[in-house]
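Everything below belongs to run_18.pdb, which stores PDB, C-alpha atoms and all ligand atoms.
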ATOM      1  CA  MET A   1      77.842 -23.985 160.968
ATOM      2  CA  LYS A   2      78.780 -27.628 160.644
ATOM      3  CA  GLU A   3      78.643 -29.023 157.152
ATOM      4  CA  PHE A   4      76.007 -31.500 158.285
ATOM      5  CA  ASP A   5      73.662 -28.625 159.172
ATOM      6  CA  LEU A   6      74.601 -26.726 156.051
ATOM      7  CA  ILE A   7      73.769 -29.614 153.696
ATOM      8  CA  ALA A   8      70.642 -30.463 155.712
ATOM      9  CA  ARG A   9      69.520 -26.890 155.102
ATOM     10  CA  LEU A  10      70.447 -26.804 151.418
ATOM     11  CA  ILE A  11      69.014 -30.108 150.221
ATOM     12  CA  PRO A  12      65.274 -29.597 150.914
ATOM     13  CA  SER A  13      65.343 -26.333 148.934
ATOM     14  CA  LEU A  14      66.647 -28.173 145.858
ATOM     15  CA  PRO A  15      64.295 -29.244 143.079
ATOM     16  CA  THR A  16      62.009 -32.240 143.330
ATOM     17  CA  ASN A  17      59.634 -33.917 140.840
ATOM     18  CA  VAL A  18      56.687 -36.316 140.599
ATOM     19  CA  SER A  19      58.892 -39.448 140.757
ATOM     20  CA  VAL A  20      60.050 -38.601 144.277
ATOM     21  CA  VAL A  21      58.035 -40.270 147.070
ATOM     22  CA  GLN A  22      60.476 -39.357 149.850
ATOM     23  CA  GLY A  23      63.273 -36.855 149.268
ATOM     24  CA  ALA A  24      66.314 -36.174 151.413
ATOM     25  CA  GLY A  25      65.914 -36.436 155.191
ATOM     26  CA  ASP A  26      65.166 -40.105 155.834
ATOM     27  CA  ASP A  27      67.674 -42.969 155.720
ATOM     28  CA  CYS A  28      67.076 -43.399 151.998
ATOM     29  CA  ALA A  29      65.187 -41.460 149.364
ATOM     30  CA  ILE A  30      62.251 -43.226 147.684
ATOM     31  CA  VAL A  31      61.740 -42.809 143.952
ATOM     32  CA  GLU A  32      59.046 -44.386 141.772
ATOM     33  CA  PRO A  33      60.615 -47.018 139.497
ATOM     34  CA  GLY A  34      59.114 -45.705 136.275
ATOM     35  CA  SER A  35      56.701 -47.904 134.396
ATOM     36  CA  PRO A  36      56.972 -51.335 132.728
ATOM     37  CA  LEU A  37      57.526 -49.321 129.553
ATOM     38  CA  THR A  38      60.800 -47.855 130.805
ATOM     39  CA  GLN A  39      64.229 -49.034 131.855
ATOM     40  CA  THR A  40      66.364 -47.395 134.549
ATOM     41  CA  LEU A  41      69.611 -45.599 133.754
ATOM     42  CA  LEU A  42      72.241 -45.293 136.493
ATOM     43  CA  LYS A  43      75.339 -43.113 136.348
ATOM     44  CA  VAL A  44      78.008 -41.877 138.771
ATOM     45  CA  ASP A  45      80.707 -39.309 138.088
ATOM     46  CA  ALA A  46      83.089 -37.151 140.130
ATOM     47  CA  VAL A  47      84.908 -33.857 139.658
ATOM     48  CA  VAL A  48      88.061 -33.115 141.651
ATOM     49  CA  GLU A  49      89.716 -29.801 142.443
ATOM     50  CA  GLY A  50      92.956 -29.418 140.506
ATOM     51  CA  ILE A  51      91.802 -31.925 137.859
ATOM     52  CA  HIS A  52      88.355 -30.831 136.629
ATOM     53  CA  PHE A  53      88.303 -27.342 138.118
ATOM     54  CA  LEU A  54      90.730 -25.026 139.898
ATOM     55  CA  PRO A  55      90.649 -23.766 143.505
ATOM     56  CA  GLU A  56      89.672 -20.309 142.204
ATOM     57  CA  THR A  57      86.904 -21.565 139.849
ATOM     58  CA  ASP A  58      83.481 -20.047 140.582
ATOM     59  CA  PRO A  59      81.736 -22.731 142.709
ATOM     60  CA  VAL A  60      78.411 -22.067 140.929
ATOM     61  CA  ARG A  61      80.077 -23.305 137.732
ATOM     62  CA  VAL A  62      81.672 -26.257 139.559
ATOM     63  CA  GLY A  63      78.241 -27.407 140.775
ATOM     64  CA  HIS A  64      76.859 -27.026 137.245
ATOM     65  CA  LYS A  65      79.695 -29.121 135.837
ATOM     66  CA  ALA A  66      79.408 -31.858 138.476
ATOM     67  CA  LEU A  67      75.771 -32.545 137.584
ATOM     68  CA  GLY A  68      76.143 -31.628 133.899
ATOM     69  CA  ARG A  69      78.628 -34.428 133.259
ATOM     70  CA  CYS A  70      76.103 -37.044 134.428
ATOM     71  CA  LEU A  71      73.298 -35.377 132.459
ATOM     72  CA  SER A  72      75.436 -35.448 129.320
ATOM     73  CA  ASP A  73      75.807 -39.222 129.688
ATOM     74  CA  VAL A  74      72.041 -39.641 130.093
ATOM     75  CA  ALA A  75      71.605 -37.512 126.954
ATOM     76  CA  ALA A  76      73.954 -39.826 125.061
ATOM     77  CA  MET A  77      71.634 -42.779 125.818
ATOM     78  CA  GLY A  78      68.535 -40.854 124.713
ATOM     79  CA  GLY A  79      67.299 -40.899 128.321
ATOM     80  CA  ILE A  80      65.407 -38.694 130.759
ATOM     81  CA  PRO A  81      67.198 -37.822 134.032
ATOM     82  CA  VAL A  82      65.054 -38.176 137.161
ATOM     83  CA  ALA A  83      66.903 -37.981 140.480
ATOM     84  CA  GLY A  84      70.407 -37.344 141.748
ATOM     85  CA  LEU A  85      72.486 -37.857 144.916
ATOM     86  CA  VAL A  86      75.480 -35.712 145.791
ATOM     87  CA  THR A  87      78.569 -36.626 147.831
ATOM     88  CA  LEU A  88      80.999 -33.854 148.772
ATOM     89  CA  GLY A  89      84.571 -34.316 149.922
ATOM     90  CA  LEU A  90      85.331 -31.204 151.978
ATOM     91  CA  PRO A  91      88.772 -30.070 153.140
ATOM     92  CA  SER A  92      88.666 -29.161 156.840
ATOM     93  CA  ASN A  93      89.316 -25.469 156.074
ATOM     94  CA  HIS A  94      86.455 -25.169 153.553
ATOM     95  CA  ASP A  95      84.353 -22.034 153.201
ATOM     96  CA  PRO A  96      80.610 -22.742 153.747
ATOM     97  CA  GLU A  97      79.772 -20.052 151.181
ATOM     98  CA  ARG A  98      81.594 -22.087 148.544
ATOM     99  CA  ILE A  99      79.347 -25.066 149.295
ATOM    100  CA  ARG A 100      76.215 -22.925 149.154
ATOM    101  CA  HIS A 101      77.233 -21.595 145.727
ATOM    102  CA  LEU A 102      78.122 -25.056 144.523
ATOM    103  CA  TYR A 103      74.616 -26.271 145.361
ATOM    104  CA  GLU A 104      73.196 -23.164 143.726
ATOM    105  CA  GLY A 105      74.820 -24.019 140.362
ATOM    106  CA  LEU A 106      73.895 -27.678 140.678
ATOM    107  CA  GLY A 107      70.316 -26.851 141.709
ATOM    108  CA  ARG A 108      69.769 -24.411 138.860
ATOM    109  CA  LEU A 109      70.786 -26.965 136.243
ATOM    110  CA  ALA A 110      68.709 -29.665 137.963
ATOM    111  CA  THR A 111      65.636 -27.409 137.919
ATOM    112  CA  ARG A 112      66.089 -26.637 134.240
ATOM    113  CA  HIS A 113      65.996 -30.348 133.376
ATOM    114  CA  GLY A 114      63.385 -31.467 135.907
ATOM    115  CA  VAL A 115      65.892 -33.428 138.000
ATOM    116  CA  ALA A 116      65.242 -33.939 141.734
ATOM    117  CA  ILE A 117      68.153 -33.882 144.179
ATOM    118  CA  VAL A 118      67.133 -36.445 146.782
ATOM    119  CA  GLY A 119      70.162 -36.724 149.023
ATOM    120  CA  GLY A 120      73.479 -35.194 149.982
ATOM    121  CA  GLU A 121      76.362 -36.600 151.988
ATOM    122  CA  THR A 122      79.671 -35.143 153.054
ATOM    123  CA  THR A 123      82.999 -36.566 154.061
ATOM    124  CA  THR A 124      86.283 -34.916 155.002
ATOM    125  CA  SER A 125      88.865 -34.800 152.246
ATOM    126  CA  PRO A 126      92.518 -34.189 153.255
ATOM    127  CA  GLU A 127      93.317 -31.396 150.777
ATOM    128  CA  ARG A 128      91.072 -30.979 147.789
ATOM    129  CA  LEU A 129      87.374 -30.437 147.317
ATOM    130  CA  TRP A 130      85.614 -33.070 145.229
ATOM    131  CA  ILE A 131      82.004 -33.710 144.258
ATOM    132  CA  SER A 132      80.530 -37.016 143.191
ATOM    133  CA  VAL A 133      77.052 -37.095 141.649
ATOM    134  CA  SER A 134      74.993 -40.267 141.255
ATOM    135  CA  LEU A 135      72.099 -39.974 138.843
ATOM    136  CA  MET A 136      69.076 -42.098 138.027
ATOM    137  CA  GLY A 137      67.103 -41.727 134.833
ATOM    138  CA  PHE A 138      64.680 -43.527 132.549
ATOM    139  CA  VAL A 139      64.725 -44.546 128.934
ATOM    140  CA  PRO A 140      61.823 -46.081 126.959
ATOM    141  CA  ARG A 141      62.222 -49.865 127.165
ATOM    142  CA  GLY A 142      64.653 -51.136 124.540
ATOM    143  CA  LYS A 143      65.174 -47.664 123.079
ATOM    144  CA  ALA A 144      68.478 -46.637 124.713
ATOM    145  CA  VAL A 145      71.077 -45.755 122.087
ATOM    146  CA  LEU A 146      74.299 -47.653 122.777
ATOM    147  CA  ARG A 147      77.827 -47.008 121.614
ATOM    148  CA  SER A 148      77.643 -50.226 119.627
ATOM    149  CA  GLY A 149      75.297 -50.517 116.645
ATOM    150  CA  GLY A 150      77.451 -48.625 114.150
ATOM    151  CA  CYS A 151      77.810 -50.112 110.659
ATOM    152  CA  GLU A 152      80.441 -49.833 107.962
ATOM    153  CA  GLY A 153      79.525 -46.865 105.738
ATOM    154  CA  ASP A 154      77.563 -45.035 108.470
ATOM    155  CA  ALA A 155      77.647 -41.250 108.410
ATOM    156  CA  VAL A 156      79.312 -39.790 111.536
ATOM    157  CA  PHE A 157      77.690 -36.692 113.046
ATOM    158  CA  VAL A 158      78.572 -34.309 115.831
ATOM    159  CA  THR A 159      76.419 -31.641 117.517
ATOM    160  CA  GLY A 160      77.657 -28.125 118.277
ATOM    161  CA  GLU A 161      81.263 -27.017 117.939
ATOM    162  CA  LEU A 162      84.484 -28.623 119.125
ATOM    163  CA  GLY A 163      87.701 -27.603 120.876
ATOM    164  CA  GLY A 164      88.851 -24.875 123.222
ATOM    165  CA  SER A 165      86.527 -25.898 126.061
ATOM    166  CA  LEU A 166      89.106 -24.750 128.645
ATOM    167  CA  ALA A 167      88.138 -21.178 127.719
ATOM    168  CA  GLY A 168      84.925 -21.822 129.668
ATOM    169  CA  LYS A 169      82.662 -24.378 128.012
ATOM    170  CA  HIS A 170      84.037 -27.226 130.162
ATOM    171  CA  LEU A 171      82.256 -25.494 133.056
ATOM    172  CA  ASP A 172      79.222 -23.909 131.382
ATOM    173  CA  PHE A 173      78.146 -26.497 128.780
ATOM    174  CA  GLU A 174      74.458 -27.299 128.440
ATOM    175  CA  PRO A 175      73.935 -31.080 128.385
ATOM    176  CA  ARG A 176      72.234 -32.070 125.100
ATOM    177  CA  LEU A 177      69.316 -33.850 126.755
ATOM    178  CA  GLU A 178      66.583 -32.611 124.426
ATOM    179  CA  GLN A 179      68.693 -33.396 121.392
ATOM    180  CA  GLY A 180      69.676 -36.843 122.676
ATOM    181  CA  ARG A 181      66.034 -37.768 123.249
ATOM    182  CA  TRP A 182      64.995 -36.411 119.860
ATOM    183  CA  LEU A 183      67.754 -38.373 118.135
ATOM    184  CA  ALA A 184      66.817 -41.588 119.960
ATOM    185  CA  GLU A 185      63.132 -41.087 119.093
ATOM    186  CA  SER A 186      64.009 -40.536 115.427
ATOM    187  CA  GLY A 187      64.928 -44.234 115.299
ATOM    188  CA  ARG A 188      67.693 -43.334 112.838
ATOM    189  CA  VAL A 189      70.669 -43.338 115.207
ATOM    190  CA  HIS A 190      72.805 -46.487 115.237
ATOM    191  CA  ALA A 191      75.422 -45.587 117.876
ATOM    192  CA  MET A 192      75.907 -42.583 120.148
ATOM    193  CA  LEU A 193      78.096 -41.240 122.959
ATOM    194  CA  ASP A 194      78.903 -37.879 124.479
ATOM    195  CA  LEU A 195      82.245 -36.171 123.924
ATOM    196  CA  SER A 196      84.177 -35.926 127.177
ATOM    197  CA  ASP A 197      87.631 -37.206 126.160
ATOM    198  CA  GLY A 198      87.925 -35.283 122.876
ATOM    199  CA  LEU A 199      86.661 -36.261 119.430
ATOM    200  CA  ALA A 200      89.606 -38.550 118.602
ATOM    201  CA  GLY A 201      89.476 -40.258 122.006
ATOM    202  CA  ASP A 202      85.713 -40.740 122.095
ATOM    203  CA  LEU A 203      85.460 -41.755 118.450
ATOM    204  CA  GLY A 204      88.097 -44.357 119.370
ATOM    205  CA  HIS A 205      85.758 -45.601 122.136
ATOM    206  CA  LEU A 206      82.858 -45.788 119.673
ATOM    207  CA  LEU A 207      84.965 -47.704 117.133
ATOM    208  CA  ALA A 208      86.153 -50.118 119.828
ATOM    209  CA  ALA A 209      82.499 -50.792 120.728
ATOM    210  CA  ASN A 210      81.815 -51.610 117.070
ATOM    211  CA  GLY A 211      84.181 -54.514 116.572
ATOM    212  CA  GLY A 212      87.138 -52.377 115.549
ATOM    213  CA  LEU A 213      85.574 -50.509 112.631
ATOM    214  CA  GLY A 214      87.516 -47.405 111.561
ATOM    215  CA  ALA A 215      86.544 -43.882 110.591
ATOM    216  CA  GLU A 216      87.511 -41.403 107.927
ATOM    217  CA  LEU A 217      86.933 -37.760 108.849
ATOM    218  CA  MET A 218      86.971 -34.741 106.547
ATOM    219  CA  ALA A 219      89.232 -32.047 108.025
ATOM    220  CA  THR A 220      87.346 -29.192 106.368
ATOM    221  CA  SER A 221      84.051 -30.414 107.886
ATOM    222  CA  LEU A 222      85.166 -30.319 111.522
ATOM    223  CA  PRO A 223      83.017 -27.729 113.350
ATOM    224  CA  ILE A 224      85.857 -25.850 115.066
ATOM    225  CA  SER A 225      84.715 -23.584 117.887
ATOM    226  CA  ARG A 226      85.540 -19.886 117.991
ATOM    227  CA  ALA A 227      87.118 -20.532 121.411
ATOM    228  CA  ALA A 228      89.570 -23.009 119.838
ATOM    229  CA  ILE A 229      90.563 -20.482 117.172
ATOM    230  CA  GLN A 230      90.952 -17.711 119.729
ATOM    231  CA  ARG A 231      92.966 -19.870 122.141
ATOM    232  CA  ALA A 232      95.331 -20.948 119.345
ATOM    233  CA  ARG A 233      95.954 -17.264 118.631
ATOM    234  CA  GLU A 234      96.221 -15.988 122.199
ATOM    235  CA  VAL A 235      97.322 -18.793 124.561
ATOM    236  CA  PRO A 236     100.969 -19.867 124.247
ATOM    237  CA  GLY A 237     101.216 -23.623 123.747
ATOM    238  CA  ALA A 238      97.508 -24.058 122.892
ATOM    239  CA  ARG A 239      96.771 -26.552 120.108
ATOM    240  CA  PRO A 240      96.169 -25.290 116.560
ATOM    241  CA  PRO A 241      92.380 -25.048 115.948
ATOM    242  CA  ARG A 242      91.998 -28.279 113.966
ATOM    243  CA  ALA A 243      94.032 -30.273 116.505
ATOM    244  CA  ALA A 244      91.984 -28.659 119.288
ATOM    245  CA  ALA A 245      88.732 -29.812 117.670
ATOM    246  CA  LEU A 246      90.133 -33.338 117.446
ATOM    247  CA  MET A 247      91.969 -33.612 120.764
ATOM    248  CA  ASP A 248      90.581 -31.146 123.320
ATOM    249  CA  GLY A 249      88.245 -32.743 125.828
ATOM    250  CA  GLU A 250      85.075 -31.813 127.659
ATOM    251  CA  ASP A 251      83.083 -30.553 124.676
ATOM    252  CA  PHE A 252      80.035 -32.439 126.015
ATOM    253  CA  GLU A 253      78.510 -32.618 122.546
ATOM    254  CA  LEU A 254      76.908 -35.760 121.068
ATOM    255  CA  LEU A 255      78.705 -37.976 118.558
ATOM    256  CA  PHE A 256      76.523 -40.457 116.652
ATOM    257  CA  THR A 257      76.222 -42.481 113.459
ATOM    258  CA  THR A 258      73.340 -43.105 111.055
ATOM    259  CA  SER A 259      72.963 -45.034 107.856
ATOM    260  CA  PRO A 260      74.064 -42.865 104.889
ATOM    261  CA  LYS A 261      70.542 -42.851 103.423
ATOM    262  CA  ASP A 262      69.198 -41.254 106.628
ATOM    263  CA  ALA A 263      71.875 -38.563 106.815
ATOM    264  CA  VAL A 264      70.195 -35.852 104.732
ATOM    265  CA  PRO A 265      66.632 -36.347 106.074
ATOM    266  CA  LEU A 266      68.021 -36.266 109.602
ATOM    267  CA  LEU A 267      70.005 -33.080 108.940
ATOM    268  CA  ASN A 268      66.915 -31.381 107.493
ATOM    269  CA  ALA A 269      64.695 -32.439 110.380
ATOM    270  CA  TRP A 270      67.384 -31.266 112.831
ATOM    271  CA  LYS A 271      67.584 -27.809 111.240
ATOM    272  CA  ALA A 272      63.812 -27.423 111.604
ATOM    273  CA  ARG A 273      63.831 -28.654 115.224
ATOM    274  CA  PHE A 274      67.097 -27.143 116.553
ATOM    275  CA  PRO A 275      67.821 -24.135 114.313
ATOM    276  CA  ASP A 276      70.298 -22.652 116.815
ATOM    277  CA  LEU A 277      72.544 -25.696 117.269
ATOM    278  CA  ARG A 278      74.866 -26.959 114.581
ATOM    279  CA  LEU A 279      74.748 -30.563 113.452
ATOM    280  CA  THR A 280      77.635 -31.582 111.211
ATOM    281  CA  CYS A 281      78.428 -34.715 109.238
ATOM    282  CA  ILE A 282      82.171 -35.081 109.799
ATOM    283  CA  GLY A 283      82.887 -38.376 108.047
ATOM    284  CA  ARG A 284      81.991 -42.043 107.845
ATOM    285  CA  LEU A 285      82.701 -45.423 109.419
ATOM    286  CA  THR A 286      85.063 -47.665 107.462
ATOM    287  CA  ARG A 287      85.992 -51.331 107.498
ATOM    288  CA  GLU A 288      89.671 -50.359 107.786
ATOM    289  CA  PRO A 289      90.385 -49.799 111.511
ATOM    290  CA  GLY A 290      91.813 -46.584 112.997
ATOM    291  CA  ILE A 291      90.931 -42.926 112.527
ATOM    292  CA  ARG A 292      92.056 -41.154 109.375
ATOM    293  CA  LEU A 293      91.677 -37.480 108.582
ATOM    294  CA  ARG A 294      91.293 -36.378 104.960
ATOM    295  CA  THR A 295      93.181 -33.074 104.668
ATOM    296  CA  GLU A 296      94.394 -30.889 101.820
ATOM    297  CA  GLN A 297      97.620 -32.966 101.977
ATOM    298  CA  GLY A 298      95.902 -36.360 101.778
ATOM    299  CA  LEU A 299      95.050 -38.937 104.448
ATOM    300  CA  GLN A 300      96.582 -38.549 107.895
ATOM    301  CA  VAL A 301      96.339 -41.140 110.695
ATOM    302  CA  ILE A 302      95.022 -39.731 113.994
ATOM    303  CA  PRO A 303      96.110 -41.414 117.225
ATOM    304  CA  PRO A 304      93.070 -41.946 119.489
ATOM    305  CA  ARG A 305      94.428 -39.844 122.349
ATOM    306  CA  ALA A 306      92.538 -39.335 125.539
ATOM    307  CA  TYR A 307      91.993 -35.903 126.966
ATOM    308  CA  GLU A 308      94.504 -34.542 129.469
ATOM    309  CA  HIS A 309      93.138 -32.547 132.396
ATOM    310  CA  PHE A 310      94.771 -29.642 134.252
ATOM    311  CA  ALA A 311      96.813 -31.984 136.408
TER     312      ALA A 311
HETATM  313 MG    MG B 401      79.995 -40.389 128.350
END
Please, can you express the file's structure as structure tokens?
Amino acid sequence: MKEFDLIARLIPSLPTNVSVVQGAGDDCAIVEPGSPLTQTLLKVDAVVEGIHFLPETDPVRVGHKALGRCLSDVAAMGGIPVAGLVTLGLPSNHDPERIRHLYEGLGRLATRHGVAIVGGETTTSPERLWISVSLMGFVPRGKAVLRSGGCEGDAVFVTGELGGSLAGKHLDFEPRLEQGRWLAESGRVHAMLDLSDGLAGDLGHLLAANGGLGAELMATSLPISRAAIQRAREVPGARPPRAAALMDGEDFELLFTTSPKDAVPLLNAWKARFPDLRLTCIGRLTREPGIRLRTEQGLQVIPPRAYEHFA
């Protein structure tokens, strides 16, 4: 079967929703533009074999990751994802079953979050498989949470647990869409982004968006994942757990700041609303630039390092 026929067969069985006027099959898809009360979010992201996944990675998980990365970004704005488009770069020797499984993983995640897949395109790629997903979403007008908006003295929070994502979470993470929307609706969040480049790297991005403010983190507060602890014990060359929580990438958790007076009410409301997901205050924003970690030995400067992939 040619990939054209394969994709043509796969796409119409993927999820749709009430915003879709015309799904895949015509020259363009048609999607309702929301209402005057919303603004449109647009996002594109790609995953590449050898960089974001390995040739032997289960394609169901690869499809999940390809869409999940875009959904995580929509979550970080406090938005609602609506419709996605998929472009596949296929090596000439590709296995059609791999593509079917890839769409299965992508479609399952899309269904869970009410996202329609309204188009798919393929191109030949010389060696490696890659998938690019374009996503459209909505956010209530003027209510998107930006990376900027942080203030000196703000409490810094992170959802979930950090580090060791290479053990599996980088493929299987659940984008924090519900939490992102809830946080945006709380009206208490000043600045937010999702963690793809590691806490130190992404916190560096947040600080840069806030006129060069700094941050002081408490080492004992970092929510270190069990995977990070296990990897440090079992995988030669893996980072120690605390360094993993700071430096490992692809946690796909939310990092945000609130005014210090809102920190405790927000934590309490969170525990009532999301009892199964940790929310941790890990430090505060400071006037002094850079990232410092308060440890048992005193203050340590953390270089804002970006995440390194497989390749
Ligand atoms: Mg992001």
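The smallest atom-to-atom distance between Cys281 in chain A and any of A:Ala215, A:Leu203, A:Leu299, A:Val156, using only C-alpha atoms, is found for A:Val156.
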- Interatomic distance, CA of His52 in chain A to CA of Gly68 in chain A (Å, one decimal): 12.5 Å
Wanna dump the chain A-ligand MG 401 (chain B) contacts at 12 Å for me, each residue with its shortest atom pair and the distance in Å to one decimal, counting all atoms listed in the file, ordered by chain and number, as CSV?
residue,atom,partner,partner_atom,distance
A:Lys43,CA,B:MG401,MG,9.6
A:Val44,CA,B:MG401,MG,10.7
A:Asp45,CA,B:MG401,MG,9.8
A:Gly68,CA,B:MG401,MG,11.1
A:Arg69,CA,B:MG401,MG,7.8
A:Cys70,CA,B:MG401,MG,8.0
A:Leu71,CA,B:MG401,MG,9.3
A:Ser72,CA,B:MG401,MG,6.8
A:Asp73,CA,B:MG401,MG,4.5
A:Val74,CA,B:MG401,MG,8.2
A:Ala75,CA,B:MG401,MG,9.0
A:Ala76,CA,B:MG401,MG,6.9
A:Met77,CA,B:MG401,MG,9.1
A:Leu146,CA,B:MG401,MG,10.8
A:Arg147,CA,B:MG401,MG,9.7
A:Pro175,CA,B:MG401,MG,11.1
A:Arg176,CA,B:MG401,MG,11.8
A:Met192,CA,B:MG401,MG,9.4
A:Leu193,CA,B:MG401,MG,5.8
A:Asp194,CA,B:MG401,MG,4.7
A:Leu195,CA,B:MG401,MG,6.5
A:Ser196,CA,B:MG401,MG,6.2
A:Asp197,CA,B:MG401,MG,8.6
A:Gly198,CA,B:MG401,MG,10.9
A:Leu199,CA,B:MG401,MG,11.9
A:Gly201,CA,B:MG401,MG,11.4
A:Asp202,CA,B:MG401,MG,8.5
A:Leu203,CA,B:MG401,MG,11.4
A:His205,CA,B:MG401,MG,9.9
A:Leu206,CA,B:MG401,MG,10.6
A:Gly249,CA,B:MG401,MG,11.5
A:Glu250,CA,B:MG401,MG,10.0
A:Asp251,CA,B:MG401,MG,10.9
A:Phe252,CA,B:MG401,MG,8.3
A:Glu253,CA,B:MG401,MG,9.8
A:Leu254,CA,B:MG401,MG,9.2
A:Leu255,CA,B:MG401,MG,10.2
Export of prior selection with C-alpha atoms as a PDB file, in the coordinates of the input:
ATOM      1  CA  LYS A  43      75.339 -43.113 136.348  1.00  0.00           C
ATOM      2  CA  VAL A  44      78.008 -41.877 138.771  1.00  0.00           C
ATOM      3  CA  ASP A  45      80.707 -39.309 138.088  1.00  0.00           C
ATOM      4  CA  GLY A  68      76.143 -31.628 133.899  1.00  0.00           C
ATOM      5  CA  ARG A  69      78.628 -34.428 133.259  1.00  0.00           C
ATOM      6  CA  CYS A  70      76.103 -37.044 134.428  1.00  0.00           C
ATOM      7  CA  LEU A  71      73.298 -35.377 132.459  1.00  0.00           C
ATOM      8  CA  SER A  72      75.436 -35.448 129.320  1.00  0.00           C
ATOM      9  CA  ASP A  73      75.807 -39.222 129.688  1.00  0.00           C
ATOM     10  CA  VAL A  74      72.041 -39.641 130.093  1.00  0.00           C
ATOM     11  CA  ALA A  75      71.605 -37.512 126.954  1.00  0.00           C
ATOM     12  CA  ALA A  76      73.954 -39.826 125.061  1.00  0.00           C
ATOM     13  CA  MET A  77      71.634 -42.779 125.818  1.00  0.00           C
ATOM     14  CA  LEU A 146      74.299 -47.653 122.777  1.00  0.00           C
ATOM     15  CA  ARG A 147      77.827 -47.008 121.614  1.00  0.00           C
ATOM     16  CA  PRO A 175      73.935 -31.080 128.385  1.00  0.00           C
ATOM     17  CA  ARG A 176      72.234 -32.070 125.100  1.00  0.00           C
ATOM     18  CA  MET A 192      75.907 -42.583 120.148  1.00  0.00           C
ATOM     19  CA  LEU A 193      78.096 -41.240 122.959  1.00  0.00           C
ATOM     20  CA  ASP A 194      78.903 -37.879 124.479  1.00  0.00           C
ATOM     21  CA  LEU A 195      82.245 -36.171 123.924  1.00  0.00           C
ATOM     22  CA  SER A 196      84.177 -35.926 127.177  1.00  0.00           C
ATOM     23  CA  ASP A 197      87.631 -37.206 126.160  1.00  0.00           C
ATOM     24  CA  GLY A 198      87.925 -35.283 122.876  1.00  0.00           C
ATOM     25  CA  LEU A 199      86.661 -36.261 119.430  1.00  0.00           C
ATOM     26  CA  GLY A 201      89.476 -40.258 122.006  1.00  0.00           C
ATOM     27  CA  ASP A 202      85.713 -40.740 122.095  1.00  0.00           C
ATOM     28  CA  LEU A 203      85.460 -41.755 118.450  1.00  0.00           C
ATOM     29  CA  HIS A 205      85.758 -45.601 122.136  1.00  0.00           C
ATOM     30  CA  LEU A 206      82.858 -45.788 119.673  1.00  0.00           C
ATOM     31  CA  GLY A 249      88.245 -32.743 125.828  1.00  0.00           C
ATOM     32  CA  GLU A 250      85.075 -31.813 127.659  1.00  0.00           C
ATOM     33  CA  ASP A 251      83.083 -30.553 124.676  1.00  0.00           C
ATOM     34  CA  PHE A 252      80.035 -32.439 126.015  1.00  0.00           C
ATOM     35  CA  GLU A 253      78.510 -32.618 122.546  1.00  0.00           C
ATOM     36  CA  LEU A 254      76.908 -35.760 121.068  1.00  0.00           C
ATOM     37  CA  LEU A 255      78.705 -37.976 118.558  1.00  0.00           C
TER      38      LEU A 255
END
- Nearest candidate to Leu42 in chain A (options A:Ala227, A:Ala243, A:Val82, A:Ala24; using only C-alpha atoms): A:Val82
- Message: Set the distance at 7 Å and use all atoms listed in the file: which residues neighbour Ser259 in chain A once local chain neighbours fewer than 3 positions away are removed? I'd like the list as a count of residues only.
- Response: 4
- Item | Ref. answer, residues at most 9 Å from (70.0, -37.0, 143.5) with only C-alpha atoms, as a VMD selection string | chain A and resid 23 to 24 29 82 to 86 115 to 120 133 to 136
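Remark: for Arg181 in chain A, the closest of the candidate residues A:Ile51, A:Val145, A:Leu109, A:Leu207 is A:Val145 (distances computed over only C-alpha atoms).
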- Counting only C-alpha atoms, closest pick from A:Ser186, A:Thr220, A:Gln230, A:Asn93 relative to Leu267 in chain A is A:Ser186
- Message: Show me the residues close to (90.1, -44.4, 111.3) - anything with an atom within 7 Å, counting all atoms listed in the file - and format the list as a list in words.
- Response: Gly214, Ala215, Glu216, Glu288, Pro289, Gly290, Ile291 and Arg292 of chain A
- Would you mind reading off the distance between CA of Pro12 in chain A and CA of Thr124 in chain A, one decimal, in Å? 22.1 Å
- Message: So, with all atoms listed in the file as the atoms that count, which of A:Ser221, A:Gly78, A:Pro275, A:Leu285 lies closest to Ala208 in chain A?
- Response: A:Leu285
Nearby residues (all atoms listed in the file) at most 12 Å from Thr57 in chain A, same-chain spacing under 4 positions excluded, as a PDB file with C-alpha atoms, in the frame of the given file:
ATOM      1  CA  VAL A  48      88.061 -33.115 141.651  1.00  0.00           C
ATOM      2  CA  GLU A  49      89.716 -29.801 142.443  1.00  0.00           C
ATOM      3  CA  GLY A  50      92.956 -29.418 140.506  1.00  0.00           C
ATOM      4  CA  ILE A  51      91.802 -31.925 137.859  1.00  0.00           C
ATOM      5  CA  HIS A  52      88.355 -30.831 136.629  1.00  0.00           C
ATOM      6  CA  PHE A  53      88.303 -27.342 138.118  1.00  0.00           C
ATOM      7  CA  ARG A  61      80.077 -23.305 137.732  1.00  0.00           C
ATOM      8  CA  VAL A  62      81.672 -26.257 139.559  1.00  0.00           C
ATOM      9  CA  GLY A  63      78.241 -27.407 140.775  1.00  0.00           C
ATOM     10  CA  HIS A  64      76.859 -27.026 137.245  1.00  0.00           C
ATOM     11  CA  LYS A  65      79.695 -29.121 135.837  1.00  0.00           C
ATOM     12  CA  ARG A  98      81.594 -22.087 148.544  1.00  0.00           C
ATOM     13  CA  HIS A 101      77.233 -21.595 145.727  1.00  0.00           C
ATOM     14  CA  LEU A 102      78.122 -25.056 144.523  1.00  0.00           C
ATOM     15  CA  LEU A 129      87.374 -30.437 147.317  1.00  0.00           C
ATOM     16  CA  LEU A 166      89.106 -24.750 128.645  1.00  0.00           C
ATOM     17  CA  GLY A 168      84.925 -21.822 129.668  1.00  0.00           C
ATOM     18  CA  HIS A 170      84.037 -27.226 130.162  1.00  0.00           C
ATOM     19  CA  LEU A 171      82.256 -25.494 133.056  1.00  0.00           C
ATOM     20  CA  ASP A 172      79.222 -23.909 131.382  1.00  0.00           C
TER      21      ASP A 172
END
